[in-house]
file model_9.cif (mmCIF, C-alpha atoms and all ligand atoms)
data_protein
#
loop_
_atom_site.label_atom_id
_atom_site.label_comp_id
_atom_site.auth_asym_id
_atom_site.auth_seq_id
_atom_site.Cartn_x
_atom_site.Cartn_y
_atom_site.Cartn_z
CA MET A 1 55.83 -104.89 -2.02
CA ALA A 2 59.22 -106.43 -1.27
CA ASN A 3 60.42 -110.04 -1.54
CA GLY A 4 57.65 -110.48 -4.16
CA VAL A 5 55.36 -110.99 -1.15
CA GLU A 6 52.41 -108.89 -0.04
CA GLN A 7 52.76 -108.51 3.71
CA ASP A 8 52.85 -105.93 6.43
CA LYS A 9 56.38 -104.67 6.96
CA ALA A 10 55.95 -105.02 10.75
CA LEU A 11 56.14 -108.79 10.38
CA GLN A 12 58.74 -108.95 7.63
CA SER A 13 62.06 -110.20 8.96
CA ILE A 14 63.80 -110.21 5.56
CA PHE A 15 63.58 -107.15 3.33
CA TYR A 16 65.34 -107.82 0.05
CA LYS A 17 65.67 -105.93 -3.21
CA HIS A 18 68.26 -106.79 -5.81
CA GLY A 19 71.63 -105.63 -4.37
CA SER A 20 70.35 -104.82 -0.90
CA LEU A 21 69.32 -106.83 2.16
CA GLN A 22 67.93 -105.61 5.44
CA LEU A 23 67.11 -107.81 8.41
CA LEU A 24 64.63 -106.88 11.10
CA ASP A 25 66.54 -106.91 14.39
CA GLN A 26 64.36 -109.42 16.26
CA ARG A 27 66.24 -108.75 19.51
CA LYS A 28 64.49 -105.38 19.68
CA LEU A 29 60.95 -106.67 19.19
CA PRO A 30 58.23 -106.05 20.24
CA PHE A 31 59.22 -102.51 21.22
CA GLU A 32 61.34 -101.27 18.35
CA THR A 33 61.32 -101.89 14.58
CA LEU A 34 64.90 -101.59 13.45
CA TYR A 35 66.25 -102.95 10.17
CA LEU A 36 69.98 -103.64 9.91
CA ASP A 37 71.82 -103.42 6.59
CA ILE A 38 73.54 -106.66 5.61
CA LYS A 39 76.26 -105.99 3.09
CA ASP A 40 77.92 -109.39 2.86
CA SER A 41 78.21 -112.93 4.21
CA GLN A 42 80.21 -111.79 7.21
CA ASP A 43 77.44 -109.38 8.31
CA ALA A 44 74.95 -112.24 7.89
CA TRP A 45 77.08 -114.70 9.90
CA VAL A 46 77.15 -112.26 12.84
CA ALA A 47 73.43 -111.45 12.49
CA ILE A 48 72.53 -115.16 12.59
CA GLN A 49 74.87 -115.96 15.48
CA ASP A 50 73.59 -112.94 17.49
CA MET A 51 69.88 -113.78 16.84
CA VAL A 52 69.11 -110.64 14.80
CA VAL A 53 67.46 -113.19 12.50
CA ARG A 54 66.42 -116.61 13.80
CA GLY A 55 64.08 -119.44 12.89
CA ALA A 56 65.33 -122.20 10.58
CA PRO A 57 63.85 -121.03 7.23
CA ALA A 58 64.64 -117.34 7.83
CA ILE A 59 68.25 -118.14 8.72
CA ALA A 60 68.70 -120.10 5.47
CA ILE A 61 67.17 -117.43 3.25
CA ALA A 62 68.95 -114.52 4.93
CA ALA A 63 72.29 -116.30 4.59
CA ALA A 64 71.73 -117.12 0.91
CA LEU A 65 70.65 -113.56 0.09
CA SER A 66 73.57 -111.97 1.96
CA LEU A 67 75.84 -113.66 -0.52
CA SER A 68 73.69 -112.43 -3.42
CA VAL A 69 74.24 -108.89 -2.17
CA GLU A 70 77.96 -109.49 -1.73
CA VAL A 71 78.50 -110.83 -5.25
CA SER A 72 76.25 -108.19 -6.85
CA LYS A 73 78.95 -105.69 -5.82
CA LEU A 74 81.90 -107.75 -7.07
CA GLY A 75 82.22 -106.06 -10.47
CA ASP A 76 86.01 -106.34 -10.41
CA PHE A 77 86.21 -110.08 -9.68
CA SER A 78 89.09 -111.20 -11.90
CA GLY A 79 88.73 -115.02 -11.81
CA THR A 80 87.12 -117.58 -14.09
CA ALA A 81 83.69 -119.18 -13.75
CA SER A 82 85.27 -122.01 -11.70
CA ASP A 83 86.92 -119.46 -9.43
CA ALA A 84 83.53 -117.80 -8.92
CA ALA A 85 81.92 -121.17 -8.09
CA TYR A 86 84.72 -121.91 -5.62
CA PHE A 87 84.37 -118.44 -4.06
CA LEU A 88 80.61 -118.98 -3.56
CA SER A 89 81.05 -122.51 -2.13
CA ASP A 90 83.62 -121.28 0.34
CA LYS A 91 81.35 -118.44 1.53
CA LEU A 92 78.39 -120.83 1.83
CA ASP A 93 80.42 -123.21 4.02
CA TYR A 94 81.32 -120.26 6.21
CA LEU A 95 77.66 -119.22 6.52
CA VAL A 96 76.64 -122.79 7.47
CA SER A 97 79.00 -122.60 10.46
CA SER A 98 76.94 -119.79 12.05
CA ARG A 99 74.40 -122.10 13.80
CA PRO A 100 74.60 -125.90 13.69
CA THR A 101 71.20 -127.41 14.54
CA ALA A 102 68.82 -126.17 11.85
CA VAL A 103 69.35 -128.13 8.64
CA ASN A 104 67.65 -125.60 6.34
CA LEU A 105 70.79 -123.49 5.99
CA HIS A 106 72.89 -126.56 5.24
CA ASP A 107 70.26 -127.66 2.71
CA ALA A 108 70.15 -124.25 0.99
CA ALA A 109 73.95 -124.13 0.81
CA THR A 110 74.14 -127.64 -0.69
CA LYS A 111 71.56 -126.80 -3.37
CA LEU A 112 73.17 -123.46 -4.23
CA LYS A 113 76.63 -125.05 -4.46
CA GLU A 114 75.22 -127.62 -6.87
CA VAL A 115 73.63 -124.88 -9.02
CA VAL A 116 76.92 -122.98 -9.41
CA ARG A 117 79.00 -126.14 -9.82
CA LYS A 118 76.82 -127.25 -12.74
CA ALA A 119 76.79 -123.74 -14.24
CA ALA A 120 80.58 -123.46 -14.06
CA ALA A 121 80.81 -126.52 -16.32
CA THR A 122 79.00 -124.71 -19.13
CA VAL A 123 79.72 -120.98 -18.82
CA SER A 124 83.11 -119.29 -18.78
CA ASP A 125 82.74 -115.91 -17.11
CA ALA A 126 82.46 -115.24 -13.39
CA GLN A 127 79.74 -112.58 -13.63
CA THR A 128 77.33 -115.07 -15.24
CA ILE A 129 77.96 -117.51 -12.37
CA PHE A 130 77.21 -114.76 -9.86
CA GLN A 131 74.01 -113.88 -11.74
CA ILE A 132 72.92 -117.53 -11.73
CA TYR A 133 73.61 -117.71 -7.98
CA ILE A 134 71.60 -114.52 -7.31
CA GLU A 135 68.60 -115.84 -9.23
CA ALA A 136 68.68 -119.20 -7.42
CA ALA A 137 68.81 -117.50 -4.00
CA GLU A 138 65.95 -115.15 -4.94
CA ILE A 139 63.79 -118.14 -5.94
CA MET A 140 64.32 -119.63 -2.44
CA LEU A 141 62.88 -116.46 -0.91
CA GLU A 142 59.81 -116.58 -3.14
CA GLU A 143 59.15 -120.30 -2.69
CA ASP A 144 59.20 -120.18 1.11
CA VAL A 145 55.91 -118.26 1.47
CA ALA A 146 54.05 -120.56 -0.93
CA SER A 147 55.39 -123.57 0.94
CA ASN A 148 54.28 -122.13 4.29
CA LYS A 149 50.76 -121.44 3.01
CA ALA A 150 50.49 -125.06 1.88
CA ILE A 151 51.69 -126.25 5.32
CA GLY A 152 49.05 -123.99 6.92
CA SER A 153 46.30 -125.43 4.78
CA TYR A 154 47.25 -129.11 5.33
CA GLY A 155 47.69 -128.47 9.04
CA ALA A 156 44.36 -126.70 9.50
CA ASN A 157 42.58 -129.51 7.64
CA ILE A 158 44.05 -132.33 9.71
CA ILE A 159 43.39 -130.54 12.99
CA GLN A 160 39.81 -129.84 11.89
CA GLN A 161 39.26 -133.48 10.82
CA GLN A 162 40.53 -134.80 14.11
CA GLN A 163 37.87 -132.79 16.00
CA LYS A 164 35.02 -135.29 16.00
CA ASP A 165 32.45 -132.93 17.53
CA SER A 166 33.41 -130.18 15.01
CA LYS A 167 33.74 -127.46 17.64
CA ASN A 168 36.30 -124.69 17.34
CA VAL A 169 39.83 -125.61 18.34
CA SER A 170 42.41 -124.18 20.71
CA VAL A 171 46.01 -124.79 19.78
CA LEU A 172 49.19 -124.51 21.83
CA THR A 173 52.45 -123.52 20.14
CA HIS A 174 56.06 -123.00 21.22
CA CYS A 175 58.85 -120.60 20.22
CA ASN A 176 58.22 -118.44 17.14
CA THR A 177 57.53 -120.15 13.84
CA GLY A 178 55.63 -117.34 12.18
CA SER A 179 56.22 -114.70 9.58
CA LEU A 180 59.28 -113.53 11.52
CA ALA A 181 60.91 -116.98 11.44
CA THR A 182 60.37 -117.45 7.69
CA ALA A 183 59.98 -115.38 4.53
CA GLY A 184 56.34 -114.91 5.55
CA TYR A 185 53.18 -116.59 7.03
CA GLY A 186 55.08 -119.20 9.02
CA THR A 187 54.97 -122.96 9.60
CA ALA A 188 53.39 -124.00 12.93
CA LEU A 189 52.12 -120.45 13.38
CA GLY A 190 51.02 -120.64 9.73
CA VAL A 191 48.77 -123.56 10.74
CA ILE A 192 47.27 -121.34 13.45
CA ARG A 193 46.84 -118.51 10.91
CA ALA A 194 45.06 -120.93 8.55
CA LEU A 195 42.73 -122.17 11.34
CA HIS A 196 41.90 -118.54 12.11
CA GLU A 197 41.27 -117.77 8.42
CA LYS A 198 38.88 -120.77 8.30
CA GLY A 199 37.01 -119.29 11.28
CA ILE A 200 37.56 -122.37 13.47
CA LEU A 201 40.26 -121.16 15.85
CA GLU A 202 38.99 -120.65 19.38
CA ARG A 203 42.32 -119.53 20.79
CA ALA A 204 46.07 -119.83 20.25
CA TYR A 205 48.17 -120.36 23.36
CA CYS A 206 51.83 -119.43 23.09
CA THR A 207 54.55 -120.28 25.56
CA GLU A 208 57.03 -117.64 26.72
CA THR A 209 59.85 -119.87 25.39
CA ARG A 210 62.53 -119.19 27.97
CA PRO A 211 65.28 -118.15 27.98
CA PHE A 212 65.18 -116.07 24.79
CA ASN A 213 61.41 -115.42 24.92
CA GLN A 214 60.67 -115.97 21.25
CA GLY A 215 57.10 -116.78 22.37
CA SER A 216 56.35 -113.75 24.54
CA ARG A 217 58.22 -111.26 22.35
CA LEU A 218 57.64 -112.57 18.80
CA THR A 219 54.70 -115.01 18.65
CA ALA A 220 52.62 -112.84 20.98
CA PHE A 221 53.51 -109.84 18.76
CA GLU A 222 52.36 -111.69 15.62
CA LEU A 223 49.10 -112.86 17.26
CA VAL A 224 48.25 -109.37 18.47
CA HIS A 225 49.25 -107.85 15.11
CA ASP A 226 46.96 -110.24 13.19
CA LYS A 227 44.14 -109.95 15.76
CA ILE A 228 44.23 -113.70 16.38
CA PRO A 229 42.80 -114.54 19.83
CA GLY A 230 45.91 -115.43 21.79
CA THR A 231 46.98 -116.14 25.35
CA LEU A 232 50.53 -116.19 26.65
CA ILE A 233 51.49 -118.82 29.21
CA ALA A 234 54.66 -119.52 31.18
CA ASP A 235 56.47 -122.57 29.79
CA SER A 236 55.80 -124.33 33.09
CA ALA A 237 52.01 -123.79 32.77
CA ALA A 238 51.63 -125.98 29.68
CA ALA A 239 50.85 -129.27 31.49
CA ALA A 240 48.27 -127.56 33.72
CA LEU A 241 46.65 -125.98 30.64
CA MET A 242 46.38 -129.40 28.99
CA LYS A 243 45.03 -131.01 32.16
CA ALA A 244 42.37 -128.27 32.32
CA GLY A 245 41.13 -129.44 28.89
CA ARG A 246 41.89 -126.13 27.22
CA VAL A 247 44.09 -127.44 24.37
CA ASN A 248 42.85 -129.52 21.40
CA ALA A 249 46.18 -129.78 19.56
CA VAL A 250 49.81 -128.76 19.85
CA THR A 251 51.72 -127.56 16.80
CA VAL A 252 55.43 -126.74 16.77
CA GLY A 253 58.11 -126.10 14.17
CA ALA A 254 61.33 -127.98 13.51
CA ASP A 255 65.00 -127.25 13.05
CA ARG A 256 65.87 -130.74 11.82
CA VAL A 257 63.74 -133.85 11.33
CA ALA A 258 65.59 -137.19 11.07
CA ALA A 259 64.48 -139.96 8.66
CA ASN A 260 62.44 -141.71 11.38
CA GLY A 261 60.67 -138.47 12.39
CA ASP A 262 62.68 -137.64 15.54
CA THR A 263 62.57 -133.83 15.61
CA ALA A 264 64.98 -131.21 16.93
CA ASN A 265 63.20 -128.00 17.87
CA LYS A 266 63.39 -125.24 20.46
CA ILE A 267 64.26 -126.42 23.96
CA GLY A 268 61.04 -127.32 25.79
CA THR A 269 59.39 -128.99 22.77
CA TYR A 270 60.14 -132.44 24.20
CA SER A 271 58.41 -131.58 27.52
CA LEU A 272 55.35 -130.35 25.62
CA ALA A 273 55.22 -133.59 23.59
CA LEU A 274 55.44 -135.73 26.75
CA SER A 275 52.69 -133.72 28.33
CA ALA A 276 50.50 -133.88 25.22
CA LYS A 277 50.93 -137.69 25.08
CA HIS A 278 49.92 -138.00 28.74
CA HIS A 279 46.78 -135.95 28.13
CA GLY A 280 45.86 -137.61 24.80
CA ILE A 281 46.33 -134.42 22.82
CA PRO A 282 47.58 -134.65 19.19
CA PHE A 283 51.07 -133.23 18.74
CA TYR A 284 52.03 -132.01 15.25
CA VAL A 285 55.36 -130.89 13.83
CA ALA A 286 54.90 -128.38 10.98
CA ALA A 287 57.94 -127.98 8.75
CA PRO A 288 58.95 -127.65 5.11
CA LEU A 289 60.71 -130.58 3.43
CA THR A 290 63.92 -128.56 3.66
CA SER A 291 63.85 -129.24 7.43
CA ILE A 292 64.05 -133.01 6.87
CA ASP A 293 67.47 -134.64 7.00
CA LEU A 294 67.32 -138.11 5.47
CA SER A 295 71.06 -138.57 6.09
CA LEU A 296 70.28 -139.12 9.79
CA PRO A 297 68.36 -142.34 10.57
CA SER A 298 67.32 -141.01 13.99
CA GLY A 299 67.66 -137.91 16.13
CA ASP A 300 70.60 -139.27 18.19
CA LYS A 301 73.24 -137.63 16.01
CA ILE A 302 71.63 -134.19 15.71
CA VAL A 303 74.12 -131.60 16.96
CA ILE A 304 72.47 -129.45 19.60
CA GLU A 305 73.68 -125.88 19.81
CA GLU A 306 74.57 -124.69 23.31
CA ARG A 307 74.27 -120.96 23.78
CA SER A 308 75.78 -118.44 26.15
CA PRO A 309 75.08 -118.81 29.92
CA LYS A 310 74.20 -115.10 29.81
CA GLU A 311 70.83 -116.00 28.24
CA LEU A 312 69.86 -117.52 31.62
CA LEU A 313 71.90 -115.41 33.98
CA ASN A 314 70.56 -112.12 32.69
CA ALA A 315 67.06 -110.82 31.94
CA ARG A 316 65.74 -110.52 28.37
CA GLY A 317 67.58 -113.61 27.17
CA GLY A 318 70.95 -112.18 28.15
CA LEU A 319 70.40 -108.64 26.90
CA GLY A 320 69.26 -107.18 30.24
CA GLU A 321 70.50 -106.96 33.83
CA GLN A 322 71.77 -109.97 35.79
CA VAL A 323 69.01 -111.87 37.62
CA ALA A 324 70.68 -115.15 38.66
CA ALA A 325 73.05 -115.68 41.57
CA SER A 326 76.67 -115.01 40.61
CA GLY A 327 78.80 -118.15 40.51
CA ILE A 328 76.06 -120.62 39.47
CA SER A 329 76.97 -122.81 36.52
CA VAL A 330 74.58 -123.00 33.56
CA TRP A 331 73.50 -125.59 30.95
CA ASN A 332 71.77 -123.84 28.06
CA PRO A 333 70.94 -126.10 25.10
CA ALA A 334 68.97 -124.12 22.50
CA PHE A 335 67.12 -127.21 21.21
CA ASP A 336 65.97 -130.67 22.25
CA VAL A 337 64.98 -133.78 20.30
CA THR A 338 61.41 -135.07 20.50
CA PRO A 339 61.18 -138.79 19.66
CA ALA A 340 58.92 -139.74 16.76
CA SER A 341 56.83 -141.89 19.14
CA LEU A 342 55.44 -138.69 20.69
CA ILE A 343 54.58 -137.02 17.35
CA SER A 344 51.13 -137.53 15.76
CA GLY A 345 52.03 -136.22 12.31
CA ILE A 346 54.53 -134.12 10.37
CA ILE A 347 52.82 -131.42 8.34
CA THR A 348 54.76 -130.52 5.18
CA GLU A 349 53.95 -128.47 2.08
CA LYS A 350 53.31 -131.75 0.23
CA GLY A 351 50.93 -133.24 2.78
CA VAL A 352 50.91 -134.72 6.29
CA ILE A 353 53.28 -137.60 7.04
CA THR A 354 51.61 -140.13 9.36
CA LYS A 355 52.81 -143.31 11.10
CA ASP A 356 50.70 -146.32 10.07
CA GLY A 357 50.58 -147.83 13.55
CA THR A 358 54.34 -147.98 14.22
CA ASP A 359 56.38 -145.74 16.52
CA CYS A 360 58.33 -144.12 13.68
CA PHE A 361 57.66 -142.26 10.43
CA ASP A 362 58.83 -143.62 7.10
CA ILE A 363 59.85 -140.29 5.66
CA LYS A 364 61.97 -141.85 2.93
CA SER A 365 58.90 -143.49 1.38
CA PHE A 366 56.97 -140.23 1.64
CA ALA A 367 59.90 -138.45 -0.03
CA GLU A 368 59.88 -140.94 -2.88
CA GLY A 369 56.34 -139.84 -3.66
CA VAL A 370 57.29 -136.16 -3.91
CA SER A 371 59.94 -134.38 -5.97
CA THR A 372 63.22 -135.68 -4.54
CA SER A 373 65.02 -132.47 -5.51
CA THR A 374 63.31 -130.79 -2.55
CA MET A 375 64.70 -133.27 0.00
CA ASN A 376 67.97 -133.53 1.91
CA LYS A 377 69.08 -136.93 0.64
CA ALA A 378 70.36 -139.88 2.65
O1 LIG B 1 66.73 -120.37 18.31
P1 LIG B 1 65.67 -120.05 17.29
O2 LIG B 1 64.79 -118.91 17.66
O3 LIG B 1 66.26 -119.93 15.90
O4 LIG B 1 64.76 -121.37 17.28
C1 LIG B 1 63.67 -121.42 16.40
C2 LIG B 1 62.90 -122.69 16.48
O5 LIG B 1 63.22 -123.59 17.22
C3 LIG B 1 61.76 -122.83 15.53
O6 LIG B 1 60.74 -123.62 16.07
C4 LIG B 1 62.26 -123.51 14.23
O7 LIG B 1 63.42 -122.89 13.76
C5 LIG B 1 61.21 -123.47 13.17
S1 LIG B 1 60.91 -121.81 12.57
C6 LIG B 1 59.74 -121.95 11.35
#

call {"tool": "encode", "arguments": {"input": "model_9.cif", "output": "structure tokens"}}
result
Amino acid sequence: MANGVEQDKALQSIFYKHGSLQLLDQRKLPFETLYLDIKDSQDAWVAIQDMVVRGAPAIAIAAALSLSVEVSKLGDFSGTASDAAYFLSDKLDYLVSSRPTAVNLHDAATKLKEVVRKAAATVSDAQTIFQIYIEAAEIMLEEDVASNKAIGSYGANIIQQQQKDSKNVSVLTHCNTGSLATAGYGTALGVIRALHEKGILERAYCTETRPFNQGSRLTAFELVHDKIPGTLIADSAAAALMKAGRVNAVTVGADRVAANGDTANKIGTYSLALSAKHHGIPFYVAAPLTSIDLSLPSGDKIVIEERSPKELLNARGGLGEQVAASGISVWNPAFDVTPASLISGIITEKGVITKDGTDCFDIKSFAEGVSTSTMNKA
């Protein structure tokens, strides 16, 4: 058992024990299981930027724990408690700069900075501050799995309720939002896991998720590993699949959800939502409250990461041989924003946020009903 979580090591992206962190190199999956040692925040920054670890919750937790490992080895730190808090804040800001779109890392950094800032006001030695930081980061790792299981349960229930003729359901998902993208179980893929556990999943369809193939490499790997009936489709086959009546619901993850429910997620999510709307298929976003950014009234201001042209020009998301014509220019946004009007509900660990007949979600009101310490405030 690692991470305080019972799970098969094949699907464990983050392997943490006090003083040591290993990340499963997701670029090598599904063919090779290779864990890379992460010694400090700089190793983590590179691992996040290079997609060794990806998925909004996993990025946040890996970053936070890399700093735990770094400070656990700083026995000779000569500063005061305030110096230690400053040191940690500075490193957290650096880690946040690794990938801009997912808010979870920003959220984790803000909460951890607050923990050490408050602690530095009451304790005087640096090592105690580091210990307090380590404990706070370790709690984030443990809480993520519980939160995902709650998302899975709420999501499976709402999808089951919406099936009036109570037949089994087939669900389409995009990118990878499973165990590999989180500390375990997953968000949108957690909903699919929960439907399967309830015995009411007919089939999960996963898109390839070009250009980095998180769907064909990672989601397909998780479905096969867990013996969940799954079918891989090309991204461009989704509308035809819906038209053929083979999908009862779509469930996707989120990298950042604005206060009105507009949702940034893996490029291609917006097309799926448009298609689902056209075919009258419910479209759910499944995400922890740490993915919600109440400081943004709508999705217009969400910064969309653009990645290397190589991801399109070369096979295997840029890791293989060149396949595109030399000289062509490339636009490669990693994410898009799906307007709230196309989203049927946002499944969180505290329940499903719905719309009450308008085009937008009132997430602020929902947040007021749950512990506000878990939310990214306006
Ligand atoms: O570029 P990636 O692989 O980090 O993108 C991942 C996604 O878009 C996921 O849907 C999102 O982070 C949610 S993961 C639970």

call {"tool": "residues_near_ligand", "arguments": {"input": "model_9.cif", "ligand": "ligand LIG 1 (chain B)", "cutoff": "8 Å", "atoms": "all atoms listed in the file", "output": "NGL selection string"}}
result
:A and (51 or 53-59 or 102 or 174-178 or 181-182 or 186-188 or 212 or 214 or 252-255 or 264-267 or 287 or 334-335)

call {"tool": "closest_residue", "arguments": {"input": "model_9.cif", "among": "A:Leu218, A:Leu319, A:Ile61, A:Val224", "to": "Leu29 in chain A", "atoms": "all atoms listed in the file"}}
result
A:Leu218

call {"tool": "residues_around", "arguments": {"input": "model_9.cif", "residues": "Glu32 in chain A", "least_positions_apart": "3", "cutoff": "12 Å", "atoms": "only C-alpha atoms", "output": "count of residues only"}}
result
11

call {"tool": "atom_distance", "arguments": {"input": "model_9.cif", "atom1": "CA of Ala150 in chain A", "atom2": "CA of Arg193 in chain A"}}
result
11.7 Å

call {"tool": "closest_residue", "arguments": {"input": "model_9.cif", "among": "A:Pro339, A:Gly199, A:Pro297, A:Pro288", "to": "Asp262 in chain A", "atoms": "all atoms listed in the file"}}
result
A:Pro339

call {"tool": "closest_residue", "arguments": {"input": "model_9.cif", "among": "A:Val71, A:Ile233, A:Ala109, A:Leu65", "to": "Ser216 in chain A", "atoms": "only C-alpha atoms"}}
result
A:Ile233

call {"tool": "closest_residue", "arguments": {"input": "model_9.cif", "among": "A:Ile158, A:Met242, A:Ala81, A:Val247", "to": "Ile132 in chain A", "atoms": "all atoms listed in the file"}}
result
A:Ala81

call {"tool": "residues_near_point", "arguments": {"input": "model_9.cif", "point": "(74.0, -124.0, -9.3)", "cutoff": "9 Å", "atoms": "all atoms listed in the file", "output": "NGL selection string"}}
result
:A and (85 or 111-120 or 129 or 132-133 or 136)

call {"tool": "closest_residue", "arguments": {"input": "model_9.cif", "among": "A:Arg316, A:Lys355, A:Lys39, A:Arg307", "to": "Pro100 in chain A", "atoms": "only C-alpha atoms"}}
result
A:Arg307

call {"tool": "closest_residue", "arguments": {"input": "model_9.cif", "among": "A:Leu172, A:Ile139, A:Val337, A:Ile363", "to": "Ile281 in chain A", "atoms": "all atoms listed in the file"}}
result
A:Leu172

call {"tool": "atom_distance", "arguments": {"input": "model_9.cif", "atom1": "CA of Ser271 in chain A", "atom2": "CA of Asp359 in chain A"}}
result
18.0 Å

call {"tool": "residues_around", "arguments": {"input": "model_9.cif", "residues": "Leu95 in chain A", "least_positions_apart": "2", "cutoff": "9 Å", "atoms": "only C-alpha atoms", "output": "list of chain:residue names"}}
result
A:Ser41, A:Gln42, A:Ala44, A:Trp45, A:Ile48, A:Ala63, A:Ala64, A:Asp90, A:Lys91, A:Leu92, A:Asp93, A:Ser97, A:Ser98, A:Arg99, A:Leu105, A:His106, A:Ala109

call {"tool": "residues_around", "arguments": {"input": "model_9.cif", "residues": "Tyr284 in chain A", "least_positions_apart": "6", "cutoff": "12 Å", "atoms": "all atoms listed in the file", "output": "number ranges by chain"}}
result
A: 151-152, 154-156, 158-159, 162, 171-174, 187-189, 191-192, 248-254, 261, 263, 269, 272-273, 276-277, 338, 340-348, 352-354
